[in-house]
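These notes are about the structure you will find just below.
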Amino acid sequence: MEIAAKRQPIVLTLVFAIACVASAVAVIYTKHESRKLFIALEQLTIERDALNIEWGQLQIEQSTWATHARIEKVASDDLSLARPDRSELNIIARQVDP
């Protein structure tokens with residue numbers, strides 16, 4: 001009985017030591033994964049910011065290309081279109097159903 005009583009503190013100490021080491025390894029692994037995920041988040045944030053800047057530039061470019069003055073210039077210069085005279089216009093009135 002005396003031998004079992006002497007082994008119990010040693011076994012208990014060994015179990016606690018293993019649990020402590022396992023806990024430390026888990027903390028290290030979790031911290032490492034957290035750092036990897038934070039780095040990925042930062043890279044995605046930088047990419048998002050760059051895409052937002054590009055989107056803003058594309059919206060400005062689109063609004064520039066779509067101005068009425070530019071459309072009229074392209075129509076007259078490139079497509080040789082001209083505005084018709086008033087005498088050439090036929091206005092059709094919309095009929096209202098009773």
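Letters A, B, ... go to the chains of the structure tokens in the order shown; residues in each chain start at 1; ligands are counted from 1 in the same order.
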Identify all residues of chain A in alpha helix (DSSP H) (DSSP on the backbone) and supply them as an NGL selection string. :A and (2-65 or 68-77)
Convert the current residue selection to file output with C-alpha atoms, as a compact mmCIF listing (two decimals), in the first residue's frame.
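Dumped everything to part.txt:
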```txt
# COMPACT_ATOMS: atom_id res chain seq x y z
CA GLU A 2 2.89 2.28 0.82
CA ILE A 3 4.37 1.91 -2.69
CA ALA A 4 1.09 2.96 -4.32
CA ALA A 5 0.91 6.00 -2.05
CA LYS A 6 4.42 7.06 -3.08
CA ARG A 7 3.65 6.62 -6.81
CA GLN A 8 0.47 8.65 -6.74
CA PRO A 9 2.17 12.09 -6.39
CA ILE A 10 4.69 11.18 -9.10
CA VAL A 11 1.99 10.04 -11.53
CA LEU A 12 -0.15 13.07 -10.72
CA THR A 13 2.83 15.39 -11.26
CA LEU A 14 3.60 13.69 -14.57
CA VAL A 15 -0.01 14.04 -15.74
CA PHE A 16 -0.04 17.73 -14.83
CA ALA A 17 3.29 18.28 -16.59
CA ILE A 18 1.98 16.64 -19.77
CA ALA A 19 -1.22 18.70 -19.57
CA CYS A 20 0.82 21.88 -19.08
CA VAL A 21 3.04 21.12 -22.08
CA ALA A 22 0.02 20.26 -24.23
CA SER A 23 -1.64 23.51 -23.18
CA ALA A 24 1.50 25.50 -24.02
CA VAL A 25 1.72 23.87 -27.46
CA ALA A 26 -1.95 24.67 -28.07
CA VAL A 27 -1.39 28.33 -27.12
CA ILE A 28 1.62 28.57 -29.44
CA TYR A 29 -0.29 26.98 -32.32
CA THR A 30 -3.30 29.24 -31.78
CA LYS A 31 -1.13 32.35 -31.65
CA HIS A 32 0.65 31.32 -34.86
CA GLU A 33 -2.65 30.72 -36.66
CA SER A 34 -3.94 34.05 -35.38
CA ARG A 35 -0.90 35.84 -36.82
CA LYS A 36 -1.29 34.08 -40.17
CA LEU A 37 -4.96 35.06 -40.35
CA PHE A 38 -4.14 38.66 -39.40
CA ILE A 39 -1.54 38.86 -42.17
CA ALA A 40 -4.08 37.50 -44.66
CA LEU A 41 -6.64 40.04 -43.42
CA GLU A 42 -4.18 42.90 -43.90
CA GLN A 43 -3.37 41.74 -47.43
CA LEU A 44 -7.07 41.53 -48.28
CA THR A 45 -7.64 45.00 -46.80
CA ILE A 46 -4.88 46.41 -49.01
CA GLU A 47 -6.36 44.66 -52.04
CA ARG A 48 -9.85 45.99 -51.19
CA ASP A 49 -8.52 49.53 -50.90
CA ALA A 50 -6.75 49.25 -54.26
CA LEU A 51 -9.92 47.90 -55.89
CA ASN A 52 -11.98 50.73 -54.38
CA ILE A 53 -9.54 53.27 -55.83
CA GLU A 54 -9.69 51.59 -59.23
CA TRP A 55 -13.51 51.48 -59.06
CA GLY A 56 -13.62 55.22 -58.34
CA GLN A 57 -11.32 55.93 -61.27
CA LEU A 58 -13.45 53.78 -63.56
CA GLN A 59 -16.60 55.61 -62.48
CA ILE A 60 -14.94 58.94 -63.26
CA GLU A 61 -13.80 57.62 -66.63
CA GLN A 62 -17.28 56.33 -67.41
CA SER A 63 -18.87 59.65 -66.55
CA THR A 64 -16.32 61.40 -68.76
CA TRP A 65 -17.01 59.12 -71.72
CA HIS A 68 -23.58 64.71 -73.73
CA ALA A 69 -20.99 66.96 -75.33
CA ARG A 70 -18.69 64.02 -76.06
CA ILE A 71 -21.53 61.90 -77.45
CA GLU A 72 -22.56 64.72 -79.76
CA LYS A 73 -18.96 65.23 -80.87
CA VAL A 74 -18.51 61.54 -81.67
CA ALA A 75 -21.87 61.48 -83.47
CA SER A 76 -21.00 64.45 -85.65
CA ASP A 77 -17.28 63.83 -86.22
```
